[in-house]
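Structure below is protein.csv: CSV, C-alpha atoms.
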```csv
chain,number,residue,atom,x,y,z
A,1,MET,CA,175.6,168.8,57.4
A,2,THR,CA,176.4,165.3,58.8
A,3,LEU,CA,174.2,164.0,61.6
A,4,ALA,CA,176.0,163.3,64.9
A,5,ILE,CA,174.6,159.8,64.8
A,6,HIS,CA,176.7,159.3,61.6
A,7,GLY,CA,179.8,160.9,63.0
A,8,GLY,CA,179.0,164.6,62.6
A,9,THR,CA,179.2,167.4,65.1
A,10,PRO,CA,176.3,167.5,67.6
A,11,VAL,CA,174.2,170.6,67.9
A,12,ARG,CA,174.7,170.6,71.7
A,13,THR,CA,177.4,169.2,73.9
A,14,ALA,CA,176.6,170.9,77.2
A,15,PRO,CA,174.5,169.0,79.7
A,16,TRP,CA,170.9,170.0,80.3
A,17,PRO,CA,169.8,170.9,83.8
A,18,SER,CA,169.6,168.0,86.2
A,19,TRP,CA,166.3,166.8,87.8
A,20,PRO,CA,165.6,166.9,90.6
A,21,PRO,CA,167.7,170.1,91.3
A,22,PRO,CA,170.2,170.1,94.1
A,23,LEU,CA,168.9,170.4,97.7
A,24,ASP,CA,168.5,173.9,98.9
A,25,ASP,CA,169.1,175.2,102.4
A,26,PRO,CA,165.4,175.2,103.5
A,27,GLN,CA,165.1,171.5,102.5
A,28,ARG,CA,168.3,170.6,104.3
A,29,GLU,CA,167.0,172.3,107.5
A,30,ARG,CA,163.6,170.7,107.3
A,31,VAL,CA,164.9,167.2,106.6
A,32,THR,CA,167.6,167.4,109.2
A,33,ALA,CA,165.0,168.5,111.8
A,34,VAL,CA,162.8,165.5,111.0
A,35,LEU,CA,165.8,163.1,111.1
A,36,GLU,CA,167.0,164.4,114.4
A,37,SER,CA,163.5,164.3,115.9
A,38,GLY,CA,163.2,160.6,115.3
A,39,LEU,CA,159.6,161.2,114.2
A,40,TRP,CA,160.0,159.8,110.7
A,41,GLY,CA,156.6,158.1,110.2
A,42,ALA,CA,153.4,160.0,109.7
A,43,THR,CA,151.8,158.4,112.8
A,44,GLN,CA,154.6,159.3,115.3
A,45,GLY,CA,153.5,162.8,116.1
A,46,GLY,CA,155.4,164.8,113.5
A,47,THR,CA,153.7,167.7,111.6
A,48,ALA,CA,155.3,167.8,108.1
A,49,CYS,CA,152.7,165.5,106.4
A,50,ALA,CA,149.8,167.4,108.0
A,51,GLU,CA,151.4,170.8,106.9
A,52,LEU,CA,151.9,169.5,103.4
A,53,ALA,CA,148.3,168.3,103.1
A,54,ALA,CA,146.9,171.5,104.4
A,55,GLU,CA,149.0,173.7,102.2
A,56,PHE,CA,148.3,171.7,99.0
A,57,ALA,CA,144.6,171.8,99.8
A,58,ARG,CA,144.7,175.5,100.3
A,59,ARG,CA,146.6,176.0,97.0
A,60,SER,CA,144.0,173.8,95.3
A,61,GLY,CA,141.1,175.9,96.6
A,62,VAL,CA,139.7,173.1,98.8
A,63,PRO,CA,139.7,172.5,102.6
A,64,TYR,CA,141.1,168.9,102.8
A,65,GLY,CA,144.2,167.0,101.9
A,66,VAL,CA,145.7,163.5,102.6
A,67,THR,CA,149.3,162.6,101.8
A,68,VAL,CA,149.9,159.2,100.3
A,69,GLY,CA,152.8,156.9,99.2
A,70,ASN,CA,152.4,157.7,95.5
A,71,ALA,CA,149.8,159.0,93.1
A,72,THR,CA,148.7,155.6,91.8
A,73,LEU,CA,147.6,154.8,95.4
A,74,GLY,CA,146.2,158.3,95.6
A,75,LEU,CA,143.9,157.7,92.6
A,76,PHE,CA,142.9,154.4,94.1
A,77,ALA,CA,142.1,156.0,97.5
A,78,ALA,CA,140.2,158.8,95.9
A,79,LEU,CA,138.0,156.3,93.9
A,80,ARG,CA,137.4,154.2,97.0
A,81,GLY,CA,136.7,157.2,99.1
A,82,LEU,CA,134.0,158.3,96.6
A,83,GLY,CA,132.4,154.9,96.7
A,84,VAL,CA,133.7,153.5,93.4
A,85,GLY,CA,134.3,149.8,93.4
A,86,ARG,CA,133.3,146.4,92.0
A,87,GLY,CA,130.7,146.6,89.1
A,88,ASP,CA,131.5,150.3,88.4
A,89,GLU,CA,133.1,151.8,85.3
A,90,VAL,CA,135.5,154.7,85.3
A,91,ILE,CA,136.2,156.7,82.1
A,92,VAL,CA,139.9,157.4,81.5
A,93,PRO,CA,141.6,159.0,78.5
A,94,ALA,CA,143.6,156.8,76.1
A,95,TYR,CA,146.6,159.1,76.0
A,96,THR,CA,147.9,159.0,79.6
A,97,PHE,CA,150.2,157.1,81.9
A,98,VAL,CA,149.1,153.5,82.6
A,99,ALA,CA,148.5,154.2,86.3
A,100,SER,CA,145.4,156.2,85.5
A,101,ALA,CA,143.8,152.9,84.4
A,102,THR,CA,145.5,150.5,86.8
A,103,ALA,CA,144.3,152.6,89.8
A,104,VAL,CA,140.8,151.9,88.6
A,105,LEU,CA,141.5,148.2,88.4
A,106,LEU,CA,143.0,148.3,91.9
A,107,ALA,CA,139.8,149.8,93.1
A,108,GLY,CA,137.9,146.9,91.7
A,109,ALA,CA,136.3,148.9,88.9
A,110,THR,CA,136.5,148.7,85.1
A,111,PRO,CA,138.5,151.3,83.2
A,112,VAL,CA,136.8,152.5,80.1
A,113,ILE,CA,139.4,153.9,77.7
A,114,VAL,CA,138.1,156.6,75.5
A,115,ASP,CA,139.6,159.0,73.0
A,116,VAL,CA,141.2,162.3,73.5
A,117,ASP,CA,140.7,165.6,71.7
A,118,PRO,CA,142.7,165.4,68.4
A,119,ALA,CA,144.2,168.8,68.9
A,120,ASP,CA,145.1,169.2,72.6
A,121,LEU,CA,145.2,165.4,73.5
A,122,HIS,CA,143.2,165.8,76.7
A,123,LEU,CA,140.1,163.7,77.5
A,124,SER,CA,137.3,164.4,75.0
A,125,ALA,CA,134.0,165.2,76.7
A,126,GLU,CA,132.3,164.1,73.5
A,127,ALA,CA,134.0,160.7,73.5
A,128,ALA,CA,133.4,160.4,77.2
A,129,GLN,CA,129.7,161.1,76.7
A,130,ALA,CA,129.4,158.4,74.1
A,131,ALA,CA,131.0,155.9,76.5
A,132,VAL,CA,128.7,156.4,79.5
A,133,THR,CA,126.6,153.4,80.5
A,134,GLY,CA,124.4,152.6,83.4
A,135,ARG,CA,127.5,151.3,85.2
A,136,THR,CA,129.6,154.4,84.8
A,137,ALA,CA,130.4,155.8,88.2
A,138,ALA,CA,133.2,158.3,87.6
A,139,VAL,CA,135.3,160.1,85.0
A,140,MET,CA,139.0,160.8,85.4
A,141,PRO,CA,140.3,163.9,83.5
A,142,VAL,CA,144.1,163.9,83.3
A,143,HIS,CA,145.8,167.3,83.3
A,144,LEU,CA,148.3,166.1,80.7
A,145,ALA,CA,151.8,167.5,80.6
A,146,GLY,CA,150.8,170.2,83.1
A,147,SER,CA,148.0,171.8,81.2
A,148,PRO,CA,144.4,171.6,82.6
A,149,ALA,CA,141.8,169.5,80.9
A,150,ASP,CA,138.6,171.3,79.8
A,151,MET,CA,136.9,170.9,83.2
A,152,ASP,CA,133.7,172.8,82.4
A,153,ALA,CA,132.7,170.4,79.7
A,154,LEU,CA,133.8,167.3,81.8
A,155,ASN,CA,132.1,168.6,85.0
A,156,ALA,CA,128.9,169.2,83.0
A,157,LEU,CA,129.0,165.7,81.7
A,158,ALA,CA,129.5,164.4,85.2
A,159,ALA,CA,126.6,166.5,86.5
A,160,ARG,CA,124.2,165.2,83.8
A,161,HIS,CA,124.9,161.6,84.7
A,162,GLY,CA,125.6,161.8,88.4
A,163,LEU,CA,129.3,160.8,88.1
A,164,ALA,CA,132.2,161.5,90.5
A,165,VAL,CA,135.1,163.5,89.0
A,166,VAL,CA,138.6,162.5,90.0
A,167,GLU,CA,141.3,164.8,88.6
A,168,ASP,CA,144.6,163.1,87.8
A,169,ALA,CA,146.8,166.2,88.4
A,170,ALA,CA,150.0,164.1,88.7
A,171,GLN,CA,151.8,166.4,86.2
A,172,ALA,CA,150.0,169.7,87.0
A,173,HIS,CA,151.3,171.2,90.3
A,174,GLY,CA,150.3,174.9,90.2
A,175,ALA,CA,148.3,174.8,86.9
A,176,THR,CA,145.1,176.8,86.7
A,177,TYR,CA,141.9,176.5,84.6
A,178,ARG,CA,139.9,179.7,84.2
A,179,ASP,CA,142.0,181.2,87.0
A,180,ARG,CA,141.1,178.3,89.4
A,181,PRO,CA,143.7,175.8,90.5
A,182,VAL,CA,143.5,172.3,89.2
A,183,GLY,CA,142.9,169.5,91.7
A,184,GLY,CA,140.0,171.3,93.4
A,185,LEU,CA,137.7,171.4,90.4
A,186,GLY,CA,136.2,168.0,90.8
A,187,ASP,CA,135.3,165.7,93.7
A,188,ALA,CA,139.0,164.8,94.3
A,189,GLY,CA,142.3,165.7,92.8
A,190,VAL,CA,145.6,163.7,93.0
A,191,TYR,CA,149.1,164.9,92.7
A,192,SER,CA,152.4,163.0,92.2
A,193,PHE,CA,155.8,163.5,93.8
A,194,GLN,CA,157.5,160.8,91.8
A,195,ALA,CA,161.1,161.5,90.7
A,196,SER,CA,160.3,163.2,87.4
A,197,LYS,CA,157.5,165.5,88.7
A,198,ALA,CA,157.6,169.3,89.3
A,199,MET,CA,157.9,168.6,93.0
A,200,THR,CA,159.5,165.4,94.1
A,201,ALA,CA,160.6,163.4,97.1
A,202,GLY,CA,161.6,160.4,94.9
A,203,GLU,CA,158.1,159.0,95.4
A,204,GLY,CA,154.9,160.3,97.0
A,205,GLY,CA,151.4,161.7,96.3
A,206,LEU,CA,148.6,163.7,97.7
A,207,VAL,CA,144.8,163.7,97.5
A,208,VAL,CA,142.8,166.9,97.9
A,209,CYS,CA,139.0,167.2,98.1
A,210,ARG,CA,136.2,169.7,99.1
A,211,ASP,CA,133.8,167.4,100.9
A,212,GLU,CA,134.3,166.4,104.6
A,213,ASP,CA,132.8,163.0,104.2
A,214,VAL,CA,135.0,162.2,101.2
A,215,HIS,CA,138.0,163.4,103.1
A,216,GLU,CA,137.2,161.1,106.0
A,217,ALA,CA,136.6,158.2,103.7
A,218,VAL,CA,139.9,158.8,101.8
A,219,TRP,CA,141.8,159.2,105.1
A,220,SER,CA,140.4,155.9,106.3
A,221,VAL,CA,141.3,154.1,103.1
A,222,CYS,CA,144.9,155.3,103.6
A,223,ASN,CA,145.0,154.4,107.3
A,224,LEU,CA,143.9,150.8,107.5
A,225,GLY,CA,140.2,151.5,107.8
A,226,ARG,CA,140.6,153.6,111.0
A,227,ARG,CA,138.4,156.6,111.8
A,228,ARG,CA,140.0,159.9,112.6
A,229,GLY,CA,140.0,160.3,116.3
A,230,GLY,CA,139.0,156.7,116.8
A,231,GLU,CA,140.7,153.8,118.6
A,232,TRP,CA,144.1,152.9,117.2
A,233,TYR,CA,143.2,149.2,116.9
A,234,GLY,CA,139.6,150.0,115.8
A,235,HIS,CA,139.2,149.3,112.0
A,236,PRO,CA,135.5,149.9,111.2
A,237,GLY,CA,136.3,150.2,107.5
A,238,LEU,CA,138.5,148.4,105.0
A,239,GLY,CA,141.8,150.2,104.4
A,240,TRP,CA,145.5,149.9,103.8
A,241,ASN,CA,148.7,151.7,104.9
A,242,LEU,CA,149.2,154.1,102.0
A,243,ARG,CA,151.0,156.8,104.0
A,244,LEU,CA,153.8,159.2,103.1
A,245,THR,CA,156.7,159.7,105.5
A,246,GLU,CA,157.6,162.8,107.4
A,247,ILE,CA,161.0,162.8,105.7
A,248,GLN,CA,159.4,163.0,102.3
A,249,ALA,CA,157.0,165.8,103.4
A,250,ALA,CA,160.0,167.7,104.8
A,251,LEU,CA,161.6,167.6,101.3
A,252,LEU,CA,158.5,168.8,99.6
A,253,LEU,CA,157.3,171.7,101.9
A,254,PRO,CA,160.1,174.2,101.0
A,255,TRP,CA,159.5,173.4,97.3
A,256,LEU,CA,156.2,175.3,97.5
A,257,ASP,CA,158.1,178.5,98.0
A,258,ARG,CA,159.9,178.1,94.6
A,259,LEU,CA,157.3,176.3,92.6
A,260,ASP,CA,155.8,179.4,91.0
A,261,LYS,CA,159.2,180.6,89.8
A,262,GLU,CA,160.0,177.2,88.3
A,263,ILE,CA,156.7,177.2,86.4
A,264,ASP,CA,157.5,180.7,85.1
A,265,ARG,CA,160.9,179.4,83.9
A,266,ARG,CA,159.5,176.4,82.1
A,267,ASN,CA,156.9,178.6,80.4
A,268,ALA,CA,159.6,181.1,79.3
A,269,PHE,CA,161.6,178.2,77.8
A,270,SER,CA,158.5,176.7,76.2
A,271,ALA,CA,157.5,180.1,74.6
A,272,ALA,CA,161.1,180.3,73.2
A,273,VAL,CA,160.8,176.8,71.7
A,274,GLU,CA,157.5,177.8,70.1
A,275,ARG,CA,159.1,180.8,68.5
A,276,GLU,CA,162.1,178.9,67.3
A,277,LEU,CA,160.0,176.2,65.7
A,278,ALA,CA,158.9,178.8,63.2
A,279,THR,CA,162.4,178.6,61.7
A,280,VAL,CA,162.3,174.8,61.1
A,281,PRO,CA,162.0,174.3,57.3
A,282,TRP,CA,160.0,171.6,55.7
A,283,PRO,CA,162.4,168.7,55.1
A,284,ASP,CA,161.4,168.7,51.4
A,285,ALA,CA,161.6,172.1,49.8
A,286,PRO,CA,159.4,173.1,48.2
A,287,PRO,CA,156.9,171.2,50.3
A,288,ALA,CA,155.1,168.2,48.8
A,289,ALA,CA,152.1,169.0,46.7
A,290,GLY,CA,148.9,169.2,48.6
A,291,ARG,CA,150.4,169.8,52.0
A,292,ALA,CA,148.5,172.1,54.3
A,293,ALA,CA,150.2,175.4,55.1
A,294,GLY,CA,152.0,175.6,58.4
A,295,GLN,CA,155.1,174.5,60.2
A,296,PRO,CA,156.5,170.9,60.1
A,297,VAL,CA,156.7,170.9,63.9
A,298,ARG,CA,154.4,172.7,66.2
A,299,VAL,CA,153.7,172.8,70.0
A,300,VAL,CA,150.5,170.9,70.9
A,301,PRO,CA,148.0,173.6,71.9
A,302,GLN,CA,146.6,174.0,75.4
A,303,PRO,CA,142.9,173.1,76.1
A,304,ALA,CA,140.3,175.8,76.2
A,305,GLY,CA,140.3,177.5,79.6
A,306,THR,CA,144.0,177.2,80.3
A,307,THR,CA,145.2,180.2,82.3
A,308,LEU,CA,148.4,178.7,83.6
A,309,ASP,CA,150.2,175.7,82.2
A,310,SER,CA,152.7,174.3,84.6
A,311,ARG,CA,154.6,172.8,81.7
A,312,HIS,CA,155.7,169.4,83.1
A,313,LEU,CA,156.3,168.5,79.5
A,314,LEU,CA,156.3,170.3,76.2
A,315,MET,CA,154.5,168.2,73.6
A,316,LEU,CA,155.6,168.7,70.0
A,317,ARG,CA,153.6,167.4,67.0
A,318,VAL,CA,155.6,166.5,63.8
A,319,HIS,CA,153.5,167.0,60.7
A,320,VAL,CA,155.7,165.1,58.3
A,321,PRO,CA,156.2,161.3,58.0
A,322,PHE,CA,159.2,160.2,60.0
A,323,ASP,CA,160.9,157.1,61.3
A,324,ARG,CA,160.2,157.5,65.0
A,325,SER,CA,163.1,155.3,66.3
A,326,PHE,CA,165.6,157.0,64.0
A,327,VAL,CA,164.5,160.5,65.0
A,328,LEU,CA,164.7,159.8,68.7
A,329,ALA,CA,168.1,158.2,68.4
A,330,ALA,CA,169.4,161.0,66.1
A,331,MET,CA,168.1,163.8,68.4
A,332,ALA,CA,169.8,162.2,71.4
A,333,ALA,CA,173.1,162.0,69.4
A,334,GLU,CA,172.6,165.7,68.7
A,335,GLY,CA,172.6,166.4,72.4
A,336,VAL,CA,168.8,167.1,72.4
A,337,PRO,CA,167.1,163.9,73.8
A,338,LEU,CA,163.4,163.8,73.2
A,339,ASP,CA,160.8,161.3,74.5
A,340,GLY,CA,158.5,159.3,72.4
A,341,GLY,CA,155.6,159.7,74.8
A,342,TYR,CA,152.7,157.4,75.6
A,343,PRO,CA,151.4,154.4,73.7
A,344,PRO,CA,147.6,154.3,73.6
A,345,LEU,CA,146.2,152.6,76.7
A,346,GLY,CA,143.8,150.6,74.5
A,347,GLY,CA,146.7,148.8,72.9
A,348,MET,CA,148.1,147.4,76.1
A,349,ALA,CA,147.2,143.8,76.3
A,350,ALA,CA,147.6,143.6,80.1
A,351,LEU,CA,144.8,146.2,80.5
A,352,VAL,CA,142.5,144.4,78.1
A,353,GLU,CA,143.1,141.1,79.7
A,354,ALA,CA,142.3,142.6,83.1
A,355,GLY,CA,138.9,143.6,81.7
A,356,ALA,CA,139.3,147.2,80.5
A,357,ARG,CA,136.7,148.3,78.0
A,358,VAL,CA,138.3,150.1,75.0
A,359,GLU,CA,136.4,152.5,72.8
A,360,PRO,CA,137.8,153.6,69.3
A,361,CYS,CA,140.7,156.0,69.9
A,362,PRO,CA,142.1,157.3,66.6
A,363,ALA,CA,143.3,160.5,68.1
A,364,ALA,CA,145.4,158.8,70.7
A,365,GLU,CA,146.7,156.4,68.1
A,366,ALA,CA,147.8,159.4,66.0
A,367,ALA,CA,149.5,161.0,68.9
A,368,ALA,CA,151.5,157.9,69.6
A,369,ARG,CA,152.8,158.1,66.0
A,370,ASP,CA,153.6,161.8,65.7
A,371,VAL,CA,154.0,163.5,69.1
A,372,LEU,CA,157.4,163.9,70.8
A,373,TRP,CA,158.1,165.3,74.3
A,374,VAL,CA,160.6,167.8,75.6
A,375,ARG,CA,161.2,166.7,79.2
A,376,GLN,CA,160.8,168.9,82.3
A,377,SER,CA,164.6,169.1,83.0
A,378,MET,CA,165.2,170.6,79.6
A,379,LEU,CA,162.5,173.2,80.1
A,380,MET,CA,164.4,174.5,83.1
A,381,ASP,CA,167.3,175.6,80.8
A,382,ASP,CA,168.0,179.2,79.7
A,383,PRO,CA,165.4,180.2,77.1
A,384,ALA,CA,168.2,181.3,74.9
A,385,ASN,CA,169.1,177.6,74.4
A,386,ALA,CA,165.7,176.8,73.0
A,387,ALA,CA,167.3,177.3,69.6
A,388,HIS,CA,169.1,174.0,70.1
A,389,ILE,CA,165.9,172.1,69.9
A,390,ALA,CA,164.8,173.7,66.7
A,391,GLU,CA,168.2,173.4,65.1
A,392,ALA,CA,168.5,169.7,66.0
A,393,LEU,CA,165.0,169.0,64.7
A,394,ALA,CA,165.7,170.8,61.4
A,395,LYS,CA,168.9,168.8,61.0
A,396,VAL,CA,167.5,165.4,61.9
A,397,LEU,CA,164.2,165.7,60.0
A,398,ALA,CA,166.1,166.8,56.8
A,399,HIS,CA,167.9,163.4,57.0
A,400,ALA,CA,165.2,161.2,58.4
A,401,PRO,CA,164.4,158.0,56.3
```
Represent the supplied structure as structure tokens.
Amino acid sequence: MTLAIHGGTPVRTAPWPSWPPPLDDPQRERVTAVLESGLWGATQGGTACAELAAEFARRSGVPYGVTVGNATLGLFAALRGLGVGRGDEVIVPAYTFVASATAVLLAGATPVIVDVDPADLHLSAEAAQAAVTGRTAAVMPVHLAGSPADMDALNALAARHGLAVVEDAAQAHGATYRDRPVGGLGDAGVYSFQASKAMTAGEGGLVVCRDEDVHEAVWSVCNLGRRRGGEWYGHPGLGWNLRLTEIQAALLLPWLDRLDKEIDRRNAFSAAVERELATVPWPDAPPAAGRAAGQPVRVVPQPAGTTLDSRHLLMLRVHVPFDRSFVLAAMAAEGVPLDGGYPPLGGMAALVEAGARVEPCPAAEAAARDVLWVRQSMLMDDPANAAHIAEALAKVLAHAP
């Protein structure tokens, strides 16, 4: 069967669902009401940002929330609100988006890049433990791809060493760990509303926390050092304007009513992909001598304690040697575009030059070689079409150099 990249017939010609999805009527009504009110900024007396912060906090199981311009700034504000700054170190996983580390640098602290669990690719508590020093002030678990990190182990580590815990929940809206919502499991949690995320206003973010003093400090950081209820031109602390707009909040509030159904849809598609992958044959039949039993492509497993994976991404691990650039190009030609995922943070020269400390990260380096992503928009398709992913993978891997 000729590959589409070489002139053959692609596996799929129909488009995948678009992201973000089209506006619905509640969003139109909310946004129109804000636009007509003229109260577009968060300081003009509108209520949408406050409503969004309160509802996200409630869903995260904590009392406080602060809306922000994006999640990178949210991580920065959370760290600063928890007292993390110059001279401190913050442990971050090596397999994550670069903003997890640059937010630490923005706060004046040093990111310490440590390895992930070789199976589930989330921050390894064992690796984090080995990286703790007298300067360590915080640890930043990342709920990667929408599945929760193993928070019991990481919270126990933090408790032993007196560390703050900032959850990077940018990809995990609605996910739960041992039936508890992510975001509210540490000292602060940060969500993203960037264009690719499960809820989006193009950009935006939100910080949630359980402690009133932390809430006040984060709010002040995001509001130019003001105190809540204080004088408008009183700036007793150091802060910045990191605010979300009322228009963005109006787009996001109605999304909360459909978020759970969208998570169910992505999980249904992901489960169908996992079933279909069992049909993908080894590219060389019979399999090469000495190869371990199993499938050539498998879904990356969820960390222990996952009770609801919000499936921002579906991560696939390929267990045969392959030419990464060829496979990505060939899959796209077959109408099934996949993503190559993250490079290890420790290999980014800009972070190292900025002072990041890098621990050995063989598991993250392996993930950068053999993990491919199915994007969120594809996961919103009919589960019956999950067969397209398996069919295209079988076709492409059979012909990969």
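The closest residue to Gly230 (chain A), picked from A:Ala42, A:Glu216, A:Leu251, A:Thr32 and counting all atoms listed in the file, is A:Glu216.
Using only C-alpha atoms, the nearest neighbour of Asp260 (chain A) within the list A:Ala57, A:Leu224, A:Ala172, A:Leu123 is A:Ala172.
Using only C-alpha atoms, the shortest contact distance between Val92 (chain A) and any of A:Leu75, A:Ile5, A:Leu238, A:Ile113 is found at A:Ile113.
One distance worth recording is that between CA of Arg275 (chain A) and CA of Asn385 (chain A), which is 12.0 Å.
Between Glu167 (chain A) and the residues A:Trp240, A:Phe76, A:Trp40, A:Phe322, the shortest atom-to-atom distance, using all atoms listed in the file, involves A:Phe76.
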Within 9 Å of Ala217 (chain A), counting all atoms listed in the file, which residues show up once you throw out same-chain ones fewer than 4 positions away? Write them as a compact mmCIF listing (two decimals) with C-alpha atoms, in the frame of the given file, please.
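Done, and the output landed in part_15.txt:
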```txt
# COMPACT_ATOMS: atom_id res chain seq x y z
CA ALA A 77 142.10 156.00 97.50
CA ALA A 78 140.20 158.80 95.90
CA ARG A 80 137.40 154.20 97.00
CA GLY A 81 136.70 157.20 99.10
CA LEU A 82 134.00 158.30 96.60
CA GLY A 83 132.40 154.90 96.70
CA GLU A 212 134.30 166.40 104.60
CA ASP A 213 132.80 163.00 104.20
CA VAL A 221 141.30 154.10 103.10
CA CYS A 222 144.90 155.30 103.60
CA GLY A 225 140.20 151.50 107.80
CA ARG A 227 138.40 156.60 111.80
CA GLY A 237 136.30 150.20 107.50
```
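Nearest to Leu252 (chain A) of all the residues A:Val280, A:Ala201, A:Ala272, A:Ala101 is A:Ala201, based on all atoms listed in the file.
Minimum atom-to-atom distances from A:Pro148, A:Gly239, A:Gly229, A:Pro93 to Cys361 (chain A) were compared using only C-alpha atoms, and the lowest value belongs to A:Pro93.
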Fill in: Who sits within 10 Å of Ser124 (chain A), only C-alpha atoms, same chain under 6 positions skipped, as a VMD selection string
chain A and resid 92 to 94 114 to 118 130 141 149 to 150 153 to 154 363
Residues just named, written with C-alpha atoms as a PDB file, in the coordinates of the input:
```
ATOM      1  CA  VAL A  92     139.900 157.400  81.500  1.00  0.00           C
ATOM      2  CA  PRO A  93     141.600 159.000  78.500  1.00  0.00           C
ATOM      3  CA  ALA A  94     143.600 156.800  76.100  1.00  0.00           C
ATOM      4  CA  VAL A 114     138.100 156.600  75.500  1.00  0.00           C
ATOM      5  CA  ASP A 115     139.600 159.000  73.000  1.00  0.00           C
ATOM      6  CA  VAL A 116     141.200 162.300  73.500  1.00  0.00           C
ATOM      7  CA  ASP A 117     140.700 165.600  71.700  1.00  0.00           C
ATOM      8  CA  PRO A 118     142.700 165.400  68.400  1.00  0.00           C
ATOM      9  CA  ALA A 130     129.400 158.400  74.100  1.00  0.00           C
ATOM     10  CA  PRO A 141     140.300 163.900  83.500  1.00  0.00           C
ATOM     11  CA  ALA A 149     141.800 169.500  80.900  1.00  0.00           C
ATOM     12  CA  ASP A 150     138.600 171.300  79.800  1.00  0.00           C
ATOM     13  CA  ALA A 153     132.700 170.400  79.700  1.00  0.00           C
ATOM     14  CA  LEU A 154     133.800 167.300  81.800  1.00  0.00           C
ATOM     15  CA  ALA A 363     143.300 160.500  68.100  1.00  0.00           C
TER      16      ALA A 363
END
```
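The interatomic distance for the pair CA of Ala125 (chain A) and CA of Leu372 (chain A) works out to 24.2 Å.
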| task | With a distance cut-off of 6 Å and only C-alpha atoms, select the neighbouring residues of Leu313 (chain A), excluding the residue or stretch itself and same-chain residues fewer than 3 positions from it, and output the selection as a ChimeraX atom specification. | result | /A:145,374-376
Checklist entry - Contacts of Leu256 (chain A) at 10 Å or less, counting only C-alpha atoms, minus same-chain residues fewer than 5 places along, as a ChimeraX atom specification? => result /A:52,55-56,59,173-174,199,261
Name the residues within 6 Å of (174.5, 166.4, 71.8), counting all atoms listed in the file in the file's coordinates, and put them as a PyMOL selection string.
-> chain A and resi 10-13+333-336
**Study point:** Non-local contacts of Arg178 (chain A) (9 Å; only C-alpha atoms; under 6 positions in same chain excluded) as number ranges by chain
**Key:** A: 304-308
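Of note, CA of Asp179 (chain A) and CA of Gly61 (chain A) are spaced 11.0 Å apart.
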Point (142.4, 163.9, 85.6), cut-off 8 Å, counting only C-alpha atoms, residues as a list in words: Met140, Pro141, Val142, His143, Leu144, Ala149, Val166, Glu167, Asp168, Ala169 and Gly189 of chain A
Residue completion, region 107-118 of chain A, N, CA and C atoms, as a PDB file, in the frame of the given file:
```
ATOM      1  N   ALA A 107     140.984 149.528  92.382  1.00  0.00           N
ATOM      2  CA  ALA A 107     139.800 149.800  93.100  1.00  0.00           C
ATOM      3  C   ALA A 107     138.660 148.814  92.898  1.00  0.00           C
ATOM      4  N   GLY A 108     138.888 147.869  91.994  1.00  0.00           N
ATOM      5  CA  GLY A 108     137.900 146.900  91.700  1.00  0.00           C
ATOM      6  C   GLY A 108     136.945 147.215  90.587  1.00  0.00           C
ATOM      7  N   ALA A 109     137.138 148.384  89.971  1.00  0.00           N
ATOM      8  CA  ALA A 109     136.300 148.900  88.900  1.00  0.00           C
ATOM      9  C   ALA A 109     136.863 148.587  87.541  1.00  0.00           C
ATOM     10  N   THR A 110     136.121 148.931  86.507  1.00  0.00           N
ATOM     11  CA  THR A 110     136.500 148.700  85.100  1.00  0.00           C
ATOM     12  C   THR A 110     136.943 150.013  84.474  1.00  0.00           C
ATOM     13  N   PRO A 111     138.185 150.137  84.006  1.00  0.00           N
ATOM     14  CA  PRO A 111     138.500 151.300  83.200  1.00  0.00           C
ATOM     15  C   PRO A 111     137.920 151.283  81.856  1.00  0.00           C
ATOM     16  N   VAL A 112     137.319 152.379  81.453  1.00  0.00           N
ATOM     17  CA  VAL A 112     136.800 152.500  80.100  1.00  0.00           C
ATOM     18  C   VAL A 112     137.633 153.517  79.378  1.00  0.00           C
ATOM     19  N   ILE A 113     138.392 153.053  78.410  1.00  0.00           N
ATOM     20  CA  ILE A 113     139.400 153.900  77.700  1.00  0.00           C
ATOM     21  C   ILE A 113     138.773 154.537  76.532  1.00  0.00           C
ATOM     22  N   VAL A 114     138.740 155.880  76.572  1.00  0.00           N
ATOM     23  CA  VAL A 114     138.100 156.600  75.500  1.00  0.00           C
ATOM     24  C   VAL A 114     139.085 157.604  74.876  1.00  0.00           C
ATOM     25  N   ASP A 115     138.712 158.156  73.749  1.00  0.00           N
ATOM     26  CA  ASP A 115     139.600 159.000  73.000  1.00  0.00           C
ATOM     27  C   ASP A 115     139.842 160.354  73.546  1.00  0.00           C
ATOM     28  N   VAL A 116     140.900 160.984  73.057  1.00  0.00           N
ATOM     29  CA  VAL A 116     141.200 162.300  73.500  1.00  0.00           C
ATOM     30  C   VAL A 116     140.921 163.304  72.334  1.00  0.00           C
ATOM     31  N   ASP A 117     140.913 164.583  72.666  1.00  0.00           N
ATOM     32  CA  ASP A 117     140.700 165.600  71.700  1.00  0.00           C
ATOM     33  C   ASP A 117     141.894 165.532  70.664  1.00  0.00           C
ATOM     34  N   PRO A 118     141.632 165.532  69.366  1.00  0.00           N
ATOM     35  CA  PRO A 118     142.700 165.400  68.400  1.00  0.00           C
ATOM     36  C   PRO A 118     143.713 166.521  68.388  1.00  0.00           C
TER      37      PRO A 118
END
```
